[in-house]
file final.txt (compact mmCIF, N, CA and C atoms)
# COMPACT_ATOMS: atom_id res chain seq x y z
N MET A 1 96.61 71.13 68.32
CA MET A 1 95.93 72.32 68.76
C MET A 1 96.55 72.79 70.08
N LYS A 2 97.01 74.05 70.09
CA LYS A 2 97.60 74.61 71.31
C LYS A 2 96.52 75.27 72.14
N ARG A 3 96.63 75.08 73.42
CA ARG A 3 95.68 75.73 74.34
C ARG A 3 96.45 76.62 75.29
N TYR A 4 95.87 77.74 75.58
CA TYR A 4 96.50 78.69 76.47
C TYR A 4 95.53 79.03 77.60
N ALA A 5 96.11 79.26 78.76
CA ALA A 5 95.28 79.70 79.89
C ALA A 5 94.84 81.14 79.63
N PRO A 6 93.66 81.47 80.05
CA PRO A 6 93.22 82.86 79.86
C PRO A 6 94.12 83.81 80.64
N ASP A 7 94.24 85.00 80.13
CA ASP A 7 95.06 86.01 80.79
C ASP A 7 94.35 86.45 82.07
N THR A 8 94.97 86.19 83.20
CA THR A 8 94.36 86.55 84.48
C THR A 8 94.96 87.82 85.05
N HIS A 9 95.95 88.36 84.37
CA HIS A 9 96.57 89.60 84.83
C HIS A 9 95.72 90.78 84.36
N ILE A 10 95.28 91.57 85.29
CA ILE A 10 94.46 92.73 84.96
C ILE A 10 95.38 93.94 84.83
N ALA A 11 95.31 94.63 83.74
CA ALA A 11 96.13 95.82 83.54
C ALA A 11 95.72 96.90 84.52
N PRO A 12 96.71 97.62 85.06
CA PRO A 12 96.37 98.71 86.00
C PRO A 12 95.63 99.82 85.28
N PRO A 13 94.85 100.59 86.03
CA PRO A 13 94.16 101.74 85.41
C PRO A 13 95.17 102.68 84.76
N THR A 14 94.76 103.39 83.75
CA THR A 14 95.68 104.27 83.02
C THR A 14 96.24 105.39 83.90
N TRP A 15 95.52 105.78 84.94
CA TRP A 15 96.03 106.86 85.78
C TRP A 15 97.29 106.45 86.54
N HIS A 16 97.52 105.17 86.73
CA HIS A 16 98.69 104.71 87.48
C HIS A 16 99.99 105.25 86.90
N ARG A 17 100.12 105.25 85.59
CA ARG A 17 101.38 105.69 84.99
C ARG A 17 101.59 107.20 85.14
N LEU A 18 100.52 107.94 85.44
CA LEU A 18 100.62 109.38 85.62
C LEU A 18 100.92 109.78 87.07
N ALA A 19 100.85 108.82 87.97
CA ALA A 19 101.04 109.11 89.39
C ALA A 19 102.46 109.58 89.68
N ALA A 20 102.58 110.50 90.62
CA ALA A 20 103.90 111.02 91.00
C ALA A 20 104.80 109.90 91.51
N CYS A 21 104.24 108.96 92.25
CA CYS A 21 105.07 107.87 92.80
C CYS A 21 105.57 106.93 91.70
N ALA A 22 104.89 106.88 90.57
CA ALA A 22 105.33 106.03 89.46
C ALA A 22 106.59 106.59 88.80
N GLN A 23 106.88 107.85 89.06
CA GLN A 23 108.05 108.49 88.47
C GLN A 23 109.29 108.37 89.36
N LEU A 24 109.14 107.83 90.55
CA LEU A 24 110.27 107.73 91.49
C LEU A 24 111.30 106.71 91.02
N ASP A 25 112.57 107.03 91.25
CA ASP A 25 113.64 106.07 90.98
C ASP A 25 113.62 104.95 92.02
N ASP A 26 113.22 105.30 93.25
CA ASP A 26 113.17 104.32 94.32
C ASP A 26 111.76 104.28 94.92
N PRO A 27 110.93 103.35 94.49
CA PRO A 27 109.55 103.29 94.99
C PRO A 27 109.46 102.95 96.47
N GLU A 28 110.54 102.50 97.07
CA GLU A 28 110.53 102.20 98.51
C GLU A 28 110.26 103.44 99.35
N VAL A 29 110.43 104.62 98.77
CA VAL A 29 110.11 105.87 99.46
C VAL A 29 108.68 105.85 99.96
N MET A 30 107.80 105.17 99.23
CA MET A 30 106.39 105.14 99.58
C MET A 30 106.07 104.11 100.66
N PHE A 31 107.08 103.42 101.16
CA PHE A 31 106.92 102.43 102.23
C PHE A 31 107.86 102.79 103.37
N PRO A 32 107.55 103.89 104.07
CA PRO A 32 108.49 104.50 105.01
C PRO A 32 108.61 103.87 106.39
N GLY A 33 107.78 102.94 106.75
CA GLY A 33 107.84 102.43 108.12
C GLY A 33 107.22 103.43 109.08
N ILE A 34 107.83 103.60 110.25
CA ILE A 34 107.23 104.46 111.28
C ILE A 34 108.02 105.74 111.56
N ILE A 35 109.09 105.98 110.83
CA ILE A 35 109.90 107.18 111.06
C ILE A 35 109.17 108.39 110.49
N PRO A 36 108.83 109.37 111.35
CA PRO A 36 108.04 110.52 110.90
C PRO A 36 108.62 111.26 109.69
N ALA A 37 109.92 111.48 109.66
CA ALA A 37 110.53 112.20 108.53
C ALA A 37 110.37 111.42 107.23
N ASP A 38 110.44 110.10 107.31
CA ASP A 38 110.26 109.27 106.11
C ASP A 38 108.81 109.29 105.64
N ILE A 39 107.88 109.30 106.60
CA ILE A 39 106.45 109.39 106.25
C ILE A 39 106.18 110.73 105.56
N GLU A 40 106.76 111.80 106.07
CA GLU A 40 106.57 113.12 105.46
C GLU A 40 107.18 113.18 104.07
N ALA A 41 108.29 112.49 103.84
CA ALA A 41 108.89 112.44 102.51
C ALA A 41 107.95 111.75 101.52
N ALA A 42 107.30 110.69 101.97
CA ALA A 42 106.33 110.00 101.11
C ALA A 42 105.12 110.89 100.85
N ARG A 43 104.65 111.57 101.87
CA ARG A 43 103.51 112.49 101.70
C ARG A 43 103.85 113.60 100.70
N ALA A 44 105.10 114.05 100.73
CA ALA A 44 105.53 115.12 99.82
C ALA A 44 105.43 114.67 98.36
N VAL A 45 105.67 113.40 98.10
CA VAL A 45 105.53 112.87 96.74
C VAL A 45 104.07 113.02 96.30
N CYS A 46 103.16 112.72 97.20
CA CYS A 46 101.72 112.79 96.89
C CYS A 46 101.22 114.23 96.76
N ALA A 47 101.91 115.16 97.39
CA ALA A 47 101.41 116.54 97.47
C ALA A 47 101.11 117.15 96.11
N GLY A 48 101.95 116.92 95.13
CA GLY A 48 101.72 117.52 93.82
C GLY A 48 101.26 116.53 92.77
N CYS A 49 100.75 115.40 93.21
CA CYS A 49 100.38 114.34 92.28
C CYS A 49 99.15 114.75 91.46
N PRO A 50 99.24 114.61 90.14
CA PRO A 50 98.11 115.00 89.29
C PRO A 50 96.92 114.03 89.36
N VAL A 51 97.11 112.86 89.92
CA VAL A 51 96.02 111.89 89.98
C VAL A 51 95.68 111.52 91.43
N TYR A 52 95.89 112.46 92.33
CA TYR A 52 95.66 112.22 93.76
C TYR A 52 94.25 111.69 94.04
N ARG A 53 93.23 112.33 93.48
CA ARG A 53 91.85 111.92 93.75
C ARG A 53 91.56 110.50 93.27
N ALA A 54 92.06 110.15 92.10
CA ALA A 54 91.87 108.79 91.59
C ALA A 54 92.56 107.79 92.50
N CYS A 55 93.74 108.14 92.98
CA CYS A 55 94.49 107.26 93.88
C CYS A 55 93.73 107.06 95.19
N LEU A 56 93.24 108.14 95.76
CA LEU A 56 92.48 108.05 97.02
C LEU A 56 91.24 107.19 96.83
N ARG A 57 90.49 107.44 95.78
CA ARG A 57 89.28 106.66 95.50
C ARG A 57 89.63 105.17 95.33
N ASP A 58 90.71 104.91 94.61
CA ASP A 58 91.13 103.53 94.35
C ASP A 58 91.54 102.82 95.63
N VAL A 59 92.34 103.47 96.44
CA VAL A 59 92.84 102.80 97.65
C VAL A 59 91.72 102.56 98.66
N ILE A 60 90.80 103.49 98.80
CA ILE A 60 89.69 103.31 99.73
C ILE A 60 88.80 102.16 99.24
N THR A 61 88.54 102.12 97.95
CA THR A 61 87.72 101.05 97.36
C THR A 61 88.42 99.70 97.46
N GLN A 62 89.70 99.70 97.20
CA GLN A 62 90.47 98.46 97.18
C GLN A 62 90.65 97.86 98.57
N GLU A 63 91.03 98.68 99.53
CA GLU A 63 91.30 98.15 100.88
C GLU A 63 90.03 97.92 101.69
N ARG A 64 89.01 98.70 101.44
CA ARG A 64 87.73 98.61 102.15
C ARG A 64 87.95 98.49 103.66
N ALA A 65 87.47 97.44 104.29
CA ALA A 65 87.51 97.31 105.74
C ALA A 65 88.72 96.52 106.24
N ALA A 66 89.75 96.39 105.43
CA ALA A 66 90.93 95.66 105.86
C ALA A 66 91.51 96.27 107.13
N ARG A 67 92.07 95.44 107.97
CA ARG A 67 92.67 95.92 109.22
C ARG A 67 93.80 96.91 108.94
N ALA A 68 94.04 97.81 109.87
CA ALA A 68 95.08 98.82 109.72
C ALA A 68 96.45 98.19 109.55
N ASP A 69 96.70 97.06 110.20
CA ASP A 69 98.03 96.44 110.12
C ASP A 69 98.26 95.68 108.82
N THR A 70 97.27 95.65 107.94
CA THR A 70 97.47 95.01 106.63
C THR A 70 97.49 96.05 105.51
N ARG A 71 97.52 97.31 105.87
CA ARG A 71 97.56 98.42 104.91
C ARG A 71 98.98 98.95 104.90
N TYR A 72 99.68 98.77 103.81
CA TYR A 72 101.09 99.11 103.77
C TYR A 72 101.36 100.38 103.00
N GLY A 73 102.37 101.09 103.43
CA GLY A 73 102.85 102.25 102.71
C GLY A 73 101.97 103.47 102.84
N VAL A 74 102.41 104.50 102.16
CA VAL A 74 101.67 105.75 102.07
C VAL A 74 101.05 105.79 100.69
N ARG A 75 99.74 105.93 100.66
CA ARG A 75 99.01 106.06 99.41
C ARG A 75 98.04 107.22 99.56
N ALA A 76 97.98 108.06 98.55
CA ALA A 76 97.12 109.25 98.60
C ALA A 76 97.48 110.09 99.84
N ALA A 77 98.75 110.13 100.15
CA ALA A 77 99.30 110.91 101.28
C ALA A 77 98.82 110.42 102.65
N LEU A 78 98.28 109.22 102.73
CA LEU A 78 97.76 108.69 103.98
C LEU A 78 98.47 107.39 104.35
N THR A 79 98.71 107.22 105.64
CA THR A 79 99.25 105.96 106.13
C THR A 79 98.11 104.95 106.23
N GLY A 80 98.44 103.70 106.48
CA GLY A 80 97.42 102.66 106.60
C GLY A 80 96.34 102.98 107.62
N PRO A 81 96.72 103.33 108.86
CA PRO A 81 95.69 103.66 109.85
C PRO A 81 94.84 104.88 109.45
N GLU A 82 95.46 105.85 108.80
CA GLU A 82 94.71 107.02 108.35
C GLU A 82 93.70 106.64 107.26
N ARG A 83 94.11 105.75 106.36
CA ARG A 83 93.17 105.31 105.31
C ARG A 83 92.01 104.54 105.91
N LEU A 84 92.26 103.75 106.94
CA LEU A 84 91.18 103.03 107.61
C LEU A 84 90.21 104.01 108.25
N ALA A 85 90.73 105.07 108.87
CA ALA A 85 89.87 106.08 109.48
C ALA A 85 89.00 106.77 108.42
N VAL A 86 89.57 107.08 107.26
CA VAL A 86 88.81 107.70 106.18
C VAL A 86 87.71 106.74 105.71
N TYR A 87 88.06 105.48 105.54
CA TYR A 87 87.07 104.48 105.12
C TYR A 87 85.91 104.43 106.11
N ARG A 88 86.22 104.40 107.40
CA ARG A 88 85.17 104.31 108.41
C ARG A 88 84.25 105.53 108.40
N VAL A 89 84.83 106.71 108.22
CA VAL A 89 84.02 107.93 108.14
C VAL A 89 83.11 107.88 106.92
N LEU A 90 83.66 107.52 105.76
CA LEU A 90 82.86 107.45 104.54
C LEU A 90 81.76 106.41 104.66
N ARG A 91 82.08 105.31 105.30
CA ARG A 91 81.07 104.27 105.46
C ARG A 91 79.96 104.72 106.41
N ARG A 92 80.35 105.38 107.50
CA ARG A 92 79.36 105.89 108.46
C ARG A 92 78.45 106.91 107.80
N GLN A 93 79.01 107.69 106.88
CA GLN A 93 78.22 108.70 106.17
C GLN A 93 77.39 108.11 105.03
N GLY A 94 77.58 106.81 104.77
CA GLY A 94 76.84 106.16 103.70
C GLY A 94 77.36 106.47 102.31
N ARG A 95 78.59 106.96 102.22
CA ARG A 95 79.16 107.34 100.93
C ARG A 95 79.82 106.17 100.23
N ILE A 96 80.03 105.09 100.95
CA ILE A 96 80.57 103.86 100.33
C ILE A 96 79.85 102.65 100.89

call {"tool": "encode", "arguments": {"input": "final.txt", "output": "C-alpha cells"}}
result
Amino acid sequence: MKRYAPDTHIAPPTWHRLAACAQLDDPEVMFPGIIPADIEAARAVCAGCPVYRACLRDVITQERAARADTRYGVRAALTGPERLAVYRVLRRQGRI
C-alpha cells in the first residue's frame, strides 16, 4: 500500500493569471528597490491591470500588520510602506 502526503500547496486564486504583472517577461520589474524611476515603472504595470482591486484586497489581507520592512515589491501600485499605511487607515476605520 502506497501512502502519499496530502497536497499542501494551495493553488493561487484564478485572478492571478489575469494580472498585468503575470504577463511580464521579467517579473523583477515589480521589485524595484528604492530608485524612483524603477518604482514608477512597476506602478505603470499596475495602472492598466484588469484585476487591480482583487490584488489590492489580497495584499492588504495577506500582509495585514506586517512591518513595512517585510513588505517587498510593488503590489497594487503600492510600495511596502504605502501598503502598511493603507492597512492602518482601513483598520482605524473598522473596515478590516

call {"tool": "residues_near_point", "arguments": {"input": "final.txt", "point": "(102.0, 111.5, 95.5)", "cutoff": "8 Å", "atoms": "only N, CA and C atoms", "output": "number ranges by chain"}}
result
A: 19-22, 42-52, 74-77

call {"tool": "residues_around", "arguments": {"input": "final.txt", "residues": "segment 56-63 of chain A", "least_positions_apart": "4", "cutoff": "12 Å", "atoms": "only C-alpha atoms", "output": "ChimeraX atom specification"}}
result
/A:12-13,15-16,19,46,49-52,67-91,95-96

call {"tool": "atom_distance", "arguments": {"input": "final.txt", "atom1": "atom N of Leu24 of chain A", "atom2": "atom CA of Arg53 of chain A"}}
result
18.1 Å

call {"tool": "atom_distance", "arguments": {"input": "final.txt", "atom1": "atom CA of Gln23 of chain A", "atom2": "atom CA of Ala65 of chain A"}}
result
29.1 Å

call {"tool": "atom_distance", "arguments": {"input": "final.txt", "atom1": "atom N of Ala54 of chain A", "atom2": "atom C of Glu28 of chain A"}}
result
20.7 Å

call {"tool": "select_by_dssp", "arguments": {"input": "final.txt", "residues": "chain A", "states": "alpha helix (DSSP H)", "output": "number ranges by chain"}}
result
A: 36-47, 52-63, 80-92

call {"tool": "decode", "arguments": {"input": "final.txt", "residues": "segment 47-60 of chain A", "atoms": "N, CA and C atoms", "output": "mmCIF file, in the first residue's frame"}}
result
data_model
loop_
_atom_site.group_PDB
_atom_site.id
_atom_site.type_symbol
_atom_site.label_atom_id
_atom_site.label_comp_id
_atom_site.auth_asym_id
_atom_site.auth_seq_id
_atom_site.Cartn_x
_atom_site.Cartn_y
_atom_site.Cartn_z
ATOM 1 N N ALA A 47 -1.054 50.076 -13.500
ATOM 2 C CA ALA A 47 -2.009 51.106 -13.915
ATOM 3 C C ALA A 47 -3.160 50.566 -14.753
ATOM 4 N N GLY A 48 -2.890 49.669 -15.667
ATOM 5 C CA GLY A 48 -3.954 49.152 -16.517
ATOM 6 C C GLY A 48 -4.353 47.730 -16.190
ATOM 7 N N CYS A 49 -4.023 47.283 -15.003
ATOM 8 C CA CYS A 49 -4.277 45.897 -14.634
ATOM 9 C C CYS A 49 -5.778 45.631 -14.481
ATOM 10 N N PRO A 50 -6.276 44.586 -15.127
ATOM 11 C CA PRO A 50 -7.708 44.296 -15.041
ATOM 12 C C PRO A 50 -8.147 43.719 -13.691
ATOM 13 N N VAL A 51 -7.206 43.306 -12.870
ATOM 14 C CA VAL A 51 -7.570 42.712 -11.575
ATOM 15 C C VAL A 51 -6.975 43.515 -10.410
ATOM 16 N N TYR A 52 -6.803 44.803 -10.624
ATOM 17 C CA TYR A 52 -6.195 45.676 -9.611
ATOM 18 C C TYR A 52 -6.893 45.563 -8.257
ATOM 19 N N ARG A 53 -8.212 45.645 -8.232
ATOM 20 C CA ARG A 53 -8.954 45.613 -6.962
ATOM 21 C C ARG A 53 -8.757 44.294 -6.218
ATOM 22 N N ALA A 54 -8.782 43.192 -6.943
ATOM 23 C CA ALA A 54 -8.558 41.887 -6.311
ATOM 24 C C ALA A 54 -7.154 41.814 -5.737
ATOM 25 N N CYS A 55 -6.188 42.359 -6.457
ATOM 26 C CA CYS A 55 -4.800 42.370 -5.997
ATOM 27 C C CYS A 55 -4.665 43.195 -4.721
ATOM 28 N N LEU A 56 -5.248 44.381 -4.720
ATOM 29 C CA LEU A 56 -5.180 45.247 -3.536
ATOM 30 C C LEU A 56 -5.829 44.567 -2.335
ATOM 31 N N ARG A 57 -7.005 44.016 -2.526
ATOM 32 C CA ARG A 57 -7.707 43.320 -1.441
ATOM 33 C C ARG A 57 -6.857 42.152 -0.914
ATOM 34 N N ASP A 58 -6.265 41.405 -1.832
ATOM 35 C CA ASP A 58 -5.454 40.249 -1.465
ATOM 36 C C ASP A 58 -4.211 40.658 -0.681
ATOM 37 N N VAL A 59 -3.509 41.662 -1.157
ATOM 38 C CA VAL A 59 -2.257 42.041 -0.493
ATOM 39 C C VAL A 59 -2.518 42.646 0.884
ATOM 40 N N ILE A 60 -3.567 43.431 1.027
ATOM 41 C CA ILE A 60 -3.887 44.017 2.331
ATOM 42 C C ILE A 60 -4.279 42.909 3.306
#
